[in-house]
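Asker: CSV, C-alpha atoms, file coords-v6.csv:
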chain,number,residue,atom,x,y,z
A,140,MET,CA,6.5,13.7,4.0
A,141,THR,CA,3.6,11.4,4.8
A,142,PRO,CA,1.0,12.4,7.4
A,143,ARG,CA,1.7,11.0,10.9
A,144,SER,CA,-1.0,8.3,10.5
A,145,PHE,CA,0.5,6.9,7.3
A,146,ARG,CA,4.0,7.0,8.9
A,147,TYR,CA,2.8,5.1,12.0
A,148,LEU,CA,1.0,2.5,9.9
A,149,ILE,CA,4.2,1.9,7.8
A,150,GLU,CA,6.3,1.8,11.0
A,151,ILE,CA,4.1,-0.9,12.5
A,152,LEU,CA,4.2,-3.0,9.3
A,153,ILE,CA,8.0,-2.7,9.2
A,154,ARG,CA,8.4,-3.5,12.9
A,155,HIS,CA,6.5,-6.7,12.4
A,156,ASP,CA,8.6,-7.6,9.4
A,157,VAL,CA,5.6,-7.7,7.0
A,158,GLU,CA,6.6,-8.1,3.4
A,159,PHE,CA,4.7,-5.3,1.7
A,160,VAL,CA,5.1,-2.4,-0.7
A,161,VAL,CA,3.3,0.9,-0.6
A,162,VAL,CA,1.2,1.5,-3.7
A,163,GLY,CA,-1.4,4.1,-4.7
A,164,GLY,CA,-1.6,7.7,-3.5
A,165,VAL,CA,1.0,7.5,-0.8
A,166,ALA,CA,3.5,5.9,-3.2
A,167,ALA,CA,2.8,8.8,-5.6
A,168,VAL,CA,3.5,11.3,-2.7
A,169,LEU,CA,6.7,9.5,-1.8
A,170,HIS,CA,7.8,9.9,-5.4
A,171,GLY,CA,7.1,13.6,-5.2
A,172,ALA,CA,3.7,14.0,-6.8
A,173,PRO,CA,1.5,16.6,-5.1
A,174,VAL,CA,-1.6,14.4,-4.7
A,175,THR,CA,-4.1,14.1,-1.9
A,176,THR,CA,-4.9,10.7,-0.5
A,177,PHE,CA,-7.0,9.5,2.4
A,178,ASP,CA,-5.7,6.0,3.0
A,179,LEU,CA,-2.6,3.9,2.8
A,180,ASP,CA,-2.6,1.3,0.1
A,181,ALA,CA,-0.2,-1.6,0.6
A,182,LEU,CA,0.3,-4.7,-1.4
A,183,PHE,CA,1.3,-7.6,0.8
A,184,LYS,CA,2.8,-11.0,0.1
A,185,VAL,CA,0.2,-13.6,0.5
A,186,SER,CA,1.9,-16.5,2.4
A,187,GLN,CA,1.4,-18.3,5.7
A,188,ASP,CA,4.4,-16.7,7.4
A,189,ASN,CA,3.8,-13.2,6.1
A,190,ALA,CA,0.0,-13.4,6.9
A,191,GLY,CA,0.9,-14.3,10.5
A,192,ARG,CA,3.2,-11.3,10.8
A,193,LEU,CA,0.6,-9.0,9.2
A,194,MET,CA,-2.1,-10.4,11.6
A,195,GLN,CA,0.1,-9.3,14.6
A,196,ALA,CA,0.5,-5.8,13.1
A,197,LEU,CA,-3.2,-5.5,12.4
A,198,ARG,CA,-4.0,-6.6,16.0
A,199,GLU,CA,-1.7,-3.9,17.3
A,200,LEU,CA,-3.4,-1.3,15.1
A,201,HIS,CA,-6.9,-2.5,16.3
A,202,ALA,CA,-7.8,-3.1,12.6
A,203,ARG,CA,-11.4,-3.7,11.6
A,204,TYR,CA,-13.3,-3.6,8.4
A,205,ARG,CA,-14.5,-0.1,7.5
A,206,GLY,CA,-18.2,0.5,7.7
A,207,HIS,CA,-19.0,-2.8,9.4
A,208,VAL,CA,-21.4,-2.7,12.3
A,209,PRO,CA,-20.8,-4.2,14.7
A,210,PRO,CA,-16.9,-3.9,14.2
A,211,LEU,CA,-15.4,-7.0,12.6
A,212,SER,CA,-11.7,-7.7,12.6
A,213,PRO,CA,-9.9,-9.5,9.8
A,214,THR,CA,-8.9,-13.1,10.4
A,215,LEU,CA,-5.8,-15.1,9.2
A,216,ASP,CA,-8.1,-16.8,6.7
A,217,ASP,CA,-9.1,-13.4,5.3
A,218,LEU,CA,-5.5,-12.5,4.7
A,219,LEU,CA,-4.7,-15.8,3.1
A,220,ALA,CA,-7.6,-15.4,0.7
A,221,GLY,CA,-5.5,-12.8,-1.0
A,222,GLY,CA,-8.2,-10.2,-1.6
A,223,HIS,CA,-8.6,-6.6,-0.6
A,224,LEU,CA,-9.0,-5.7,3.0
A,225,LEU,CA,-10.4,-2.2,3.5
A,226,LEU,CA,-9.7,-1.5,7.1
A,227,ALA,CA,-10.0,1.2,9.7
A,228,THR,CA,-7.3,1.4,12.3
A,229,ASP,CA,-6.4,3.5,15.3
A,230,ALA,CA,-4.0,5.3,13.0
A,231,GLY,CA,-6.3,5.8,10.0
A,232,PRO,CA,-7.6,4.0,7.0
A,233,LEU,CA,-5.4,1.1,5.6
A,234,ASP,CA,-6.1,-0.9,2.5
A,235,MET,CA,-4.1,-4.2,2.6
A,236,LEU,CA,-4.2,-5.6,-0.9
A,237,GLY,CA,-3.5,-9.2,-2.0
A,238,PHE,CA,-3.2,-8.1,-5.6
A,239,ILE,CA,-3.2,-5.0,-7.7
A,240,GLY,CA,-3.9,-4.1,-11.3
A,241,GLN,CA,-4.6,-7.1,-13.4
A,242,ARG,CA,-4.5,-9.4,-10.4
A,243,GLU,CA,-0.7,-9.1,-10.0
A,244,ARG,CA,0.6,-10.3,-6.6
A,245,TYR,CA,3.5,-9.1,-4.5
A,246,GLU,CA,5.9,-11.6,-6.2
A,247,ASP,CA,4.9,-10.2,-9.7
A,248,VAL,CA,6.1,-6.7,-8.8
A,249,ALA,CA,8.9,-7.5,-6.4
A,250,ASP,CA,11.6,-6.5,-8.9
A,251,ALA,CA,10.0,-3.0,-9.1
A,252,ILE,CA,10.1,-2.3,-5.4
A,253,ILE,CA,12.4,0.5,-4.4
A,254,ARG,CA,13.2,1.9,-1.0
A,255,ILE,CA,12.6,5.6,-0.3
A,256,ASP,CA,14.0,7.4,2.8
A,257,ALA,CA,11.1,9.4,4.3
A,258,ALA,CA,12.6,11.4,7.0
A,259,GLY,CA,14.6,8.5,8.4
A,260,LEU,CA,12.0,5.8,7.7
A,261,VAL,CA,13.0,3.6,4.8
A,262,VAL,CA,9.8,2.7,3.0
A,263,PRO,CA,9.3,-0.1,0.4
A,264,VAL,CA,7.5,1.7,-2.5
A,265,LEU,CA,6.5,0.6,-6.0
A,266,GLY,CA,8.9,2.2,-8.4
A,267,LEU,CA,7.7,5.0,-10.5
A,268,PRO,CA,7.6,3.2,-13.9
A,269,GLU,CA,5.6,0.3,-12.4
A,270,LEU,CA,3.3,2.7,-10.5
A,271,ILE,CA,2.5,4.4,-13.8
A,272,ARG,CA,2.0,1.1,-15.5
A,273,GLN,CA,-0.4,-0.1,-12.9
A,274,LYS,CA,-2.4,3.2,-13.0
A,275,ARG,CA,-2.5,3.0,-16.8
A,276,ALA,CA,-3.7,-0.6,-16.8
A,277,LEU,CA,-6.6,0.2,-14.5
A,278,SER,CA,-7.5,3.4,-16.5
A,279,ARG,CA,-9.9,4.5,-13.8
A,280,ASP,CA,-11.1,8.1,-14.0
A,281,LYS,CA,-10.1,8.8,-10.4
A,282,ASP,CA,-6.5,7.8,-11.3
A,283,LEU,CA,-6.1,10.1,-14.3
A,284,PRO,CA,-5.0,13.3,-12.4
A,285,ALA,CA,-2.4,11.3,-10.4
A,286,LEU,CA,-1.2,9.5,-13.5
A,287,ARG,CA,-0.6,12.9,-15.3
A,288,LEU,CA,1.4,14.1,-12.3
A,289,LEU,CA,3.5,10.9,-12.2
A,290,GLU,CA,4.2,11.1,-16.0
A,291,ALA,CA,5.2,14.7,-15.5
A,292,LEU,CA,7.7,13.6,-12.8
A,293,VAL,CA,9.2,11.2,-15.3
A,294,GLU,CA,9.5,13.9,-18.0
A,295,ARG,CA,11.1,16.3,-15.5
A,296,THR,CA,13.8,13.7,-14.6
A,297,ARG,CA,14.5,13.1,-18.3
A,298,ARG,CA,15.4,16.7,-18.9
Show me, as C-alpha coordinates, the structure contained in the file I just sent.

Answerer:
Amino acid sequence: MTPRSFRYLIEILIRHDVEFVVVGGVAAVLHGAPVTTFDLDALFKVSQDNAGRLMQALRELHARYRGHVPPLSPTLDDLLAGGHLLLATDAGPLDMLGFIGQRERYEDVADAIIRIDAAGLVVPVLGLPELIRQKRALSRDKDLPALRLLEALVERTRR
(Lines of atoms letter the chains of each structure in order from A and count residues from 1; the text may use other names and numbers.)
(Lines give C-alpha, C1' and ligand atoms only; values in the text may rest on other atoms or scores of the structure.)
Protein backbone atom coordinates (compact mmCIF):
# COMPACT_ATOMS: atom_id res chain seq x y z
CA MET A 1 0.00 0.00 0.00
CA THR A 2 1.14 3.53 -0.64
CA PRO A 3 2.04 5.88 2.21
CA ARG A 4 -0.78 8.12 3.42
CA SER A 5 0.63 11.19 1.66
CA PHE A 6 0.69 9.44 -1.73
CA ARG A 7 -2.80 8.08 -1.20
CA TYR A 8 -4.11 11.53 -0.27
CA LEU A 9 -2.49 13.13 -3.32
CA ILE A 10 -4.06 10.50 -5.58
CA GLU A 11 -7.46 10.91 -3.88
CA ILE A 12 -7.41 14.67 -4.52
CA LEU A 13 -6.47 14.23 -8.19
CA ILE A 14 -9.25 11.67 -8.64
CA ARG A 15 -11.81 13.80 -6.78
CA HIS A 16 -11.08 16.70 -9.15
CA ASP A 17 -11.46 14.38 -12.19
CA VAL A 18 -7.89 15.04 -13.34
CA GLU A 19 -6.82 12.83 -16.24
CA PHE A 20 -3.52 11.41 -15.01
CA VAL A 21 -1.59 8.19 -14.63
CA VAL A 22 0.82 7.24 -11.85
CA VAL A 23 4.32 6.55 -13.15
CA GLY A 24 7.72 6.14 -11.52
CA GLY A 25 8.40 4.66 -8.10
CA VAL A 26 4.84 4.64 -6.81
CA ALA A 27 3.73 2.82 -9.98
CA ALA A 28 6.46 0.24 -9.33
CA VAL A 29 5.24 -0.19 -5.73
CA LEU A 30 1.63 -0.59 -6.89
CA HIS A 31 2.82 -3.35 -9.25
CA GLY A 32 4.45 -5.08 -6.29
CA ALA A 33 8.09 -4.03 -6.57
CA PRO A 34 9.78 -3.38 -3.21
CA VAL A 35 11.23 0.02 -4.04
CA THR A 36 11.59 3.18 -1.99
CA THR A 37 10.35 6.45 -3.40
CA PHE A 38 10.02 9.90 -1.96
CA ASP A 39 7.59 11.57 -4.33
CA LEU A 40 4.55 10.82 -6.45
CA ASP A 41 5.19 11.06 -10.19
CA ALA A 42 2.08 11.54 -12.30
CA LEU A 43 1.78 12.11 -16.03
CA PHE A 44 -1.17 14.37 -16.77
CA LYS A 45 -3.09 15.11 -19.94
CA VAL A 46 -2.11 18.56 -21.17
CA SER A 47 -5.38 20.17 -22.24
CA GLN A 48 -7.28 23.30 -21.28
CA ASP A 49 -10.05 21.41 -19.44
CA ASN A 50 -7.74 19.01 -17.63
CA ALA A 51 -5.31 21.77 -16.68
CA GLY A 52 -8.21 23.68 -15.10
CA ARG A 53 -9.18 20.64 -13.02
CA LEU A 54 -5.56 20.02 -12.09
CA MET A 55 -5.19 23.66 -11.08
CA GLN A 56 -8.10 23.27 -8.63
CA ALA A 57 -6.52 20.14 -7.15
CA LEU A 58 -3.15 21.87 -6.79
CA ARG A 59 -4.78 24.82 -5.02
CA GLU A 60 -6.44 22.45 -2.56
CA LEU A 61 -3.05 20.85 -1.92
CA HIS A 62 -1.37 24.28 -1.50
CA ALA A 63 1.11 23.25 -4.20
CA ARG A 64 4.22 25.32 -4.72
CA TYR A 65 7.50 24.77 -6.55
CA ARG A 66 10.02 22.87 -4.45
CA GLY A 67 13.01 24.87 -3.32
CA HIS A 68 11.64 28.23 -4.47
CA VAL A 69 12.01 31.11 -2.02
CA PRO A 70 9.72 32.90 -1.62
CA PRO A 71 7.10 30.16 -2.29
CA LEU A 72 5.76 30.25 -5.84
CA SER A 73 2.63 28.41 -6.94
CA PRO A 74 2.17 27.01 -10.44
CA THR A 75 -0.14 28.83 -12.83
CA LEU A 76 -2.51 27.56 -15.49
CA ASP A 77 0.04 28.67 -18.10
CA ASP A 78 2.68 26.53 -16.36
CA LEU A 79 0.42 23.48 -16.67
CA LEU A 80 -0.42 24.17 -20.29
CA ALA A 81 3.29 24.51 -21.14
CA GLY A 82 3.41 20.72 -20.67
CA GLY A 83 6.71 20.46 -18.85
CA HIS A 84 7.65 19.05 -15.47
CA LEU A 85 6.31 20.67 -12.32
CA LEU A 86 8.31 19.58 -9.28
CA LEU A 87 6.04 20.55 -6.42
CA ALA A 88 5.81 20.51 -2.66
CA THR A 89 2.30 20.10 -1.26
CA ASP A 90 0.74 19.84 2.17
CA ALA A 91 0.64 16.07 1.59
CA GLY A 92 4.20 15.64 0.32
CA PRO A 93 6.24 15.94 -2.89
CA LEU A 94 4.35 15.72 -6.18
CA ASP A 95 5.89 15.72 -9.65
CA MET A 96 3.26 16.52 -12.28
CA LEU A 97 4.73 15.62 -15.65
CA GLY A 98 3.56 16.83 -19.03
CA PHE A 99 5.64 14.12 -20.73
CA ILE A 100 7.75 11.09 -19.87
CA GLY A 101 10.51 9.09 -21.53
CA GLN A 102 11.19 10.28 -25.04
CA ARG A 103 8.74 13.20 -24.71
CA GLU A 104 5.69 10.94 -24.74
CA ARG A 105 2.45 12.57 -23.62
CA TYR A 106 -0.52 11.14 -21.76
CA GLU A 107 -2.26 10.36 -25.05
CA ASP A 108 0.79 8.39 -26.23
CA VAL A 109 0.56 5.94 -23.31
CA ALA A 110 -3.22 6.01 -22.71
CA ASP A 111 -3.64 2.45 -24.04
CA ALA A 112 -1.11 1.22 -21.46
CA ILE A 113 -3.00 2.61 -18.45
CA ILE A 114 -4.42 0.03 -16.08
CA ARG A 115 -6.39 0.44 -12.87
CA ILE A 116 -5.07 -1.05 -9.64
CA ASP A 117 -7.21 -1.31 -6.51
CA ALA A 118 -5.07 -0.03 -3.63
CA ALA A 119 -7.12 -0.79 -0.51
CA GLY A 120 -10.32 0.51 -2.07
CA LEU A 121 -8.80 3.36 -4.06
CA VAL A 122 -8.77 2.59 -7.79
CA VAL A 123 -5.58 4.16 -9.14
CA PRO A 124 -4.70 4.75 -12.81
CA VAL A 125 -1.21 3.27 -13.21
CA LEU A 126 1.11 2.80 -16.14
CA GLY A 127 1.00 -0.91 -17.00
CA LEU A 128 4.02 -2.98 -16.14
CA PRO A 129 5.30 -3.57 -19.71
CA GLU A 130 5.08 0.16 -20.50
CA LEU A 131 6.66 1.13 -17.18
CA ILE A 132 9.58 -1.17 -17.97
CA ARG A 133 9.83 0.23 -21.51
CA GLN A 134 9.92 3.79 -20.18
CA LYS A 135 12.63 2.99 -17.63
CA ARG A 136 14.71 1.17 -20.25
CA ALA A 137 14.38 4.09 -22.67
CA LEU A 138 15.69 6.54 -20.08
CA SER A 139 18.50 4.17 -19.02
CA ARG A 140 19.35 6.31 -16.00
CA ASP A 141 21.59 4.76 -13.36
CA LYS A 142 19.07 5.61 -10.65
CA ASP A 143 16.38 3.55 -12.46
CA LEU A 144 18.43 0.36 -12.84
CA PRO A 145 17.59 -1.24 -9.46
CA ALA A 146 13.86 -0.63 -9.94
CA LEU A 147 14.08 -1.84 -13.54
CA ARG A 148 15.62 -5.14 -12.38
CA LEU A 149 12.86 -5.59 -9.80
CA LEU A 150 10.15 -4.86 -12.37
CA GLU A 151 11.68 -7.32 -14.84
CA ALA A 152 11.80 -9.93 -12.05
CA LEU A 153 8.06 -9.37 -11.47
CA VAL A 154 7.39 -10.09 -15.14
CA GLU A 155 9.52 -13.25 -14.96
CA ARG A 156 7.69 -14.42 -11.84
CA THR A 157 4.30 -14.02 -13.53
CA ARG A 158 5.49 -15.98 -16.58
CA ARG A 159 6.26 -19.04 -14.43

Asker: Set out as CSV a contact list for segment 161-252 of chain A and segment 272-295 of chain A with a cut-off of 8 Å, giving each residue of segment 161-252 of chain A that qualifies its closest atom pair and distance in Å to one decimal, counting all atoms listed in the file, ordered by chain and rising residue number.

Answerer:
residue,atom,partner,partner_atom,distance
A:Gly164,CA,A:Ala285,CA,7.8
A:Ala167,CA,A:Leu289,CA,7.0
A:Gly171,CA,A:Leu292,CA,7.6
A:Ala172,CA,A:Leu288,CA,6.0
A:Pro173,CA,A:Leu288,CA,7.6
A:Val174,CA,A:Ala285,CA,6.5
A:Ile239,CA,A:Gln273,CA,7.7
A:Gly240,CA,A:Gln273,CA,5.6
A:Gln241,CA,A:Ala276,CA,7.4

Asker: Would you kindly return, as a JSON list (two decimals) with C-alpha atoms, in the frame of the given file, each protein, DNA or RNA residue with an atom no farther than 10 Å from any atom of segment 147-161 of chain A, considering all atoms listed in the file and excluding same-chain residues fewer than 4 positions away?

Answerer:
[["chain", "number", "residue", "atom", "x", "y", "z"],
["A", 141, "THR", "CA", 3.60, 11.40, 4.80],
["A", 142, "PRO", "CA", 1.00, 12.40, 7.40],
["A", 143, "ARG", "CA", 1.70, 11.00, 10.90],
["A", 165, "VAL", "CA", 1.00, 7.50, -0.80],
["A", 166, "ALA", "CA", 3.50, 5.90, -3.20],
["A", 167, "ALA", "CA", 2.80, 8.80, -5.60],
["A", 169, "LEU", "CA", 6.70, 9.50, -1.80],
["A", 179, "LEU", "CA", -2.60, 3.90, 2.80],
["A", 180, "ASP", "CA", -2.60, 1.30, 0.10],
["A", 181, "ALA", "CA", -0.20, -1.60, 0.60],
["A", 182, "LEU", "CA", 0.30, -4.70, -1.40],
["A", 183, "PHE", "CA", 1.30, -7.60, 0.80],
["A", 184, "LYS", "CA", 2.80, -11.00, 0.10],
["A", 185, "VAL", "CA", 0.20, -13.60, 0.50],
["A", 186, "SER", "CA", 1.90, -16.50, 2.40],
["A", 188, "ASP", "CA", 4.40, -16.70, 7.40],
["A", 189, "ASN", "CA", 3.80, -13.20, 6.10],
["A", 190, "ALA", "CA", 0.00, -13.40, 6.90],
["A", 191, "GLY", "CA", 0.90, -14.30, 10.50],
["A", 192, "ARG", "CA", 3.20, -11.30, 10.80],
["A", 193, "LEU", "CA", 0.60, -9.00, 9.20],
["A", 194, "MET", "CA", -2.10, -10.40, 11.60],
["A", 195, "GLN", "CA", 0.10, -9.30, 14.60],
["A", 196, "ALA", "CA", 0.50, -5.80, 13.10],
["A", 197, "LEU", "CA", -3.20, -5.50, 12.40],
["A", 199, "GLU", "CA", -1.70, -3.90, 17.30],
["A", 200, "LEU", "CA", -3.40, -1.30, 15.10],
["A", 228, "THR", "CA", -7.30, 1.40, 12.30],
["A", 229, "ASP", "CA", -6.40, 3.50, 15.30],
["A", 230, "ALA", "CA", -4.00, 5.30, 13.00],
["A", 231, "GLY", "CA", -6.30, 5.80, 10.00],
["A", 232, "PRO", "CA", -7.60, 4.00, 7.00],
["A", 233, "LEU", "CA", -5.40, 1.10, 5.60],
["A", 235, "MET", "CA", -4.10, -4.20, 2.60],
["A", 236, "LEU", "CA", -4.20, -5.60, -0.90],
["A", 237, "GLY", "CA", -3.50, -9.20, -2.00],
["A", 245, "TYR", "CA", 3.50, -9.10, -4.50],
["A", 248, "VAL", "CA", 6.10, -6.70, -8.80],
["A", 249, "ALA", "CA", 8.90, -7.50, -6.40],
["A", 251, "ALA", "CA", 10.00, -3.00, -9.10],
["A", 252, "ILE", "CA", 10.10, -2.30, -5.40],
["A", 253, "ILE", "CA", 12.40, 0.50, -4.40],
["A", 254, "ARG", "CA", 13.20, 1.90, -1.00],
["A", 260, "LEU", "CA", 12.00, 5.80, 7.70],
["A", 261, "VAL", "CA", 13.00, 3.60, 4.80],
["A", 262, "VAL", "CA", 9.80, 2.70, 3.00],
["A", 263, "PRO", "CA", 9.30, -0.10, 0.40],
["A", 264, "VAL", "CA", 7.50, 1.70, -2.50],
["A", 265, "LEU", "CA", 6.50, 0.60, -6.00],
["A", 266, "GLY", "CA", 8.90, 2.20, -8.40]]

Asker: Rounded to one decimal place, report the atom CA of Leu270 of chain A-atom CA of Gly163 of chain A distance in Å.

Answerer: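 Atom CA of Gly163 of chain A lies at a distance of 7.6 Å from atom CA of Leu270 of chain A.
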
Asker: Nearest to Glu269 of chain A: which of A:Phe238, A:Ile255, A:Asp178, A:Asp247 is it, counting all atoms listed in the file?

Answerer: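 Closest candidate: A:Asp247.
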